[in-house]
Amino acid sequence: MTPKTKVLLLLSAILVFSVFQNNIAKAGFGISPPSVVNKNLVPGSFYQQDIFLVQNNPTETLHATAKIDAGNINSWIRIENGNTFDIPKGTQQFPMKVSVSVPSDANLGHYDGTITLNTIPANASKDGVQVTLGAEIKISIDVTSIQVSDFSIQNFQIPDVAKASPIKLIIKIKNDGNIDNGPTKASLTFFDQYHSKQLGQQEENITEKAKSFQTKDISVDFTNNFDVGQYWADVKIYNGEDVVVNSKIIFSVLAQTVLADQQEGFVFPNFAQIPVWVFIAVAVAVIIIFVIIIVILVLRRNKKNGIKKIKIHNDTKNQD
Amino acid sequence: MEQRENPEQKPKKMLAILAGVLAVLVIFLGILIFPSWGGFIENFKMFSLGALDVSVSVSVGNVLPEASSASLNGGDAITLTENTTTAITASGTVTDNNSCKDLASVSIAVYKDGTTCAVIGDADNDNCYFYTDSDPTNDASCTGDDDVTYAASYAFNIQYYADGGTWEATIISSDVVGAGTPDTSAGVTLNDLQALDVGSIAYGSVNPGADSTGDHTADVTNTGNTAVDFKISGTDLTCDARGSIPVTSEQYDLAGFSYGAGTALSGTPTDVDANLPAPSTATVPVQDTSYWQVSIPNGTKGTCSGTTSFAVEAAL
């Protein structure tokens, strides 16, 4: 390749880059999820949903203005952040909370509406045309008289626990129905760390429920008779007689001090994990220091004895 | 005749006793902390006593690993961020009763329900993300031969255009003998994202009583995961020296035009049927170009400023 060709290629590359640069968008804005949808509301229901206002590059604080246009259900809809609010600089995902309160005398049926959202930078340019971004959020709700029971277990966990403290099974419930709902019972079958030896079984009724359309963590306590160590629990979560979760999870029972240290962000060292050579080095160092101290003590004692001997000798001389 | 101990030998003797006691102490502590030392000493003792006349051999079989407690984003719905990636963590536990040091590989697949996502070759930023730890024995969670668990966890950078719907995570593991039992998380919703990026609009310098000429464009890019349209509205442009330009004096279109042939801008948001489909890659942007012209009335002077708003909405 001749030097001339190389220069031409370089110039072409720069030119292509410039063209793309011109096409790069300057500002971005989005909504997720893009709608407020609920098909299972009943008269008297309350429903709340987060609409995240998202930006890839939130370099400026944005003033947001929301306008609800939902006809005769306008009064049902409320934006918990207020109809004007700020999206702080640096926030890529900002939650706008939209709530729907259905009056107890509401007519059954389908209702539509929109929320129009506009944003403008707090320090908007006063020089030329300022492009601002916004979104139109659809509202689509149904008011029904039918009771809908619909919940799911999104996750469950057993956090590490201090010895003698209750074992907590934390269940994340997503209630998509229009009645308070949740699992009725949970059972844990405990095993050793190899899941080979069964150590016991416990069952607990669950009375706490998630409200309609709510996602909630509930905690169920189980008695902890275990020594420090790692254990398995076979987890069964029931809705009535139906098993809705059948899985297993590992957890640790820790000494009180270890757990406290972990909670404070400091982990007490596990001596068994320290390499052997470190231990030997420390032991050798301790022995050397110990020997030096002994030698010093012995030398001092000998010196003292020597002085004593001389003194005794002198005393004998004087007597003579 | 009474034999007296030489006083000069006394400290040496004392020193020897102390060193002996210390050595025993060190070995005792060593056995407490490292039980394997005890085994070594036991073997040594048996050897020295000539007690090796009974041989016991046990063949320990292989147990395949098993995954459990798979979880995606802690069970919460996933919200993406326009025009960039969002870190989403998938986690779980892998156990191998031979030891976590026996594991050959651990993979985590995060995918849209119904998608085949079983090997790295299936990976697709739209619907399948795949990670493999091919050296799980050196992971911090695998602490030694007597540790049978491996904590699988990985933060995936999910692209803004990943498909909305129900997503799951599956933990897949194997040891030197074969594949273990996988575990799949509960499904979580990956929310739809409607988003736009819009360039700037510049008319340049136009005299009073004249119309702008040439192309004045602003690219509109779909930076979400669904097909979108948008609405346009605006305000009057107020000039810093004198007068203002009515909002209706600005016109737009999705193709090049001369002033008079476009759609007049208004204060009411108006649908623009651009129908930008959902992107499927970051390298080929889905975008349309909006074209703009303005007519400058007499009685105006200076730099004129106002706003033009683009509101994203679901494709019509």
# chains A, B, ... in the order shown; residues from 1 in each chain; ligands from 1
call {"tool": "residues_around", "arguments": {"residues": "B:Trp292", "least_positions_apart": "6", "cutoff": "7 Å", "atoms": "only C-alpha atoms", "output": "list in words"}}
result
His216, Thr217, Gln251, Tyr252 and Asp253 of chain B
call {"tool": "write_last_selection", "arguments": {"atoms": "C-alpha atoms", "output": "compact mmCIF listing (two decimals), in the first residue's frame"}}
result
# COMPACT_ATOMS: atom_id res chain seq x y z
CA HIS B 216 -33.29 21.33 8.40
CA THR B 217 -33.54 17.93 9.98
CA GLN B 251 -43.75 23.21 9.50
CA TYR B 252 -42.57 19.61 9.50
CA ASP B 253 -42.73 16.41 7.50
call {"tool": "residues_around", "arguments": {"residues": "stretch 308-314 of chain B", "least_positions_apart": "3", "cutoff": "6 Å", "atoms": "only C-alpha atoms", "output": "PyMOL selection string"}}
result
(chain A and resi 131-136) or (chain B and resi 228-234)
call {"tool": "write_last_selection", "arguments": {"atoms": "N, CA and C atoms", "output": "mmCIF file, in the first residue's frame"}}
result
data_model
loop_
_atom_site.group_PDB
_atom_site.id
_atom_site.type_symbol
_atom_site.label_atom_id
_atom_site.label_comp_id
_atom_site.auth_asym_id
_atom_site.auth_seq_id
_atom_site.Cartn_x
_atom_site.Cartn_y
_atom_site.Cartn_z
ATOM 1 N N VAL A 131 -35.373 21.307 21.712
ATOM 2 C CA VAL A 131 -36.155 20.079 21.554
ATOM 3 C C VAL A 131 -36.370 19.467 22.932
ATOM 4 N N THR A 132 -37.628 19.253 23.276
ATOM 5 C CA THR A 132 -37.928 18.609 24.565
ATOM 6 C C THR A 132 -38.623 17.279 24.295
ATOM 7 N N LEU A 133 -38.514 16.393 25.277
ATOM 8 C CA LEU A 133 -39.038 15.043 25.091
ATOM 9 C C LEU A 133 -40.105 14.720 26.126
ATOM 10 N N GLY A 134 -40.994 13.858 25.748
ATOM 11 C CA GLY A 134 -42.066 13.454 26.651
ATOM 12 C C GLY A 134 -42.618 12.113 26.243
ATOM 13 N N ALA A 135 -43.774 11.799 26.754
ATOM 14 C CA ALA A 135 -44.376 10.497 26.461
ATOM 15 C C ALA A 135 -45.870 10.545 26.710
ATOM 16 N N GLU A 136 -46.547 9.631 26.041
ATOM 17 C CA GLU A 136 -47.980 9.490 26.289
ATOM 18 C C GLU A 136 -48.210 8.122 26.904
ATOM 19 N N VAL B 228 -42.767 2.204 17.968
ATOM 20 C CA VAL B 228 -43.305 3.467 18.501
ATOM 21 C C VAL B 228 -43.664 4.452 17.394
ATOM 22 N N ASP B 229 -44.537 5.365 17.790
ATOM 23 C CA ASP B 229 -44.796 6.581 17.034
ATOM 24 C C ASP B 229 -44.510 7.741 17.962
ATOM 25 N N PHE B 230 -44.740 8.932 17.461
ATOM 26 C CA PHE B 230 -44.560 10.074 18.367
ATOM 27 C C PHE B 230 -45.507 11.197 17.991
ATOM 28 N N LYS B 231 -45.728 12.079 18.949
ATOM 29 C CA LYS B 231 -46.541 13.269 18.741
ATOM 30 C C LYS B 231 -45.623 14.471 18.804
ATOM 31 N N ILE B 232 -45.977 15.484 17.997
ATOM 32 C CA ILE B 232 -45.158 16.695 17.975
ATOM 33 C C ILE B 232 -46.022 17.883 18.373
ATOM 34 N N SER B 233 -45.472 18.770 19.151
ATOM 35 C CA SER B 233 -46.132 20.042 19.482
ATOM 36 C C SER B 233 -45.042 21.087 19.703
ATOM 37 N N GLY B 234 -45.443 22.319 19.870
ATOM 38 C CA GLY B 234 -44.416 23.352 20.060
ATOM 39 C C GLY B 234 -44.982 24.611 20.668
#
call {"tool": "residues_around", "arguments": {"residues": "stretch 77-92 of chain A", "least_positions_apart": "2", "cutoff": "9 Å", "atoms": "only C-alpha atoms", "output": "PyMOL selection string"}}
result
(chain A and resi 53-68+70+73-75+94-102+119+122) or (chain B and resi 81-82)
call {"tool": "interface_residues", "arguments": {"of": "chain B", "to": "chain A", "cutoff": "8 Å", "atoms": "only C-alpha atoms", "output": "MDAnalysis selection string"}}
result
chainID B and resid 11 15 19 22 26 33:34 68:69 71 74:76 79:84 93 97 143 148 186:188 191:202 219:221 223:224 237 303:314
call {"tool": "residues_around", "arguments": {"residues": "A:Phe190", "least_positions_apart": "5", "cutoff": "7 Å", "atoms": "only C-alpha atoms", "output": "ChimeraX atom specification"}}
result
/A:198-201,231-234
call {"tool": "closest_residue", "arguments": {"among": "B:Thr263, B:Asn207, B:Thr137, B:Asn125", "to": "B:Ser99", "atoms": "only C-alpha atoms"}}
result
B:Thr137
call {"tool": "select_by_dssp", "arguments": {"residues": "stretch 108-314 of chain A", "states": "helix (DSSP H, G or I)", "output": "NGL selection string"}}
result
:A and (256-263 or 271-273 or 276-314)
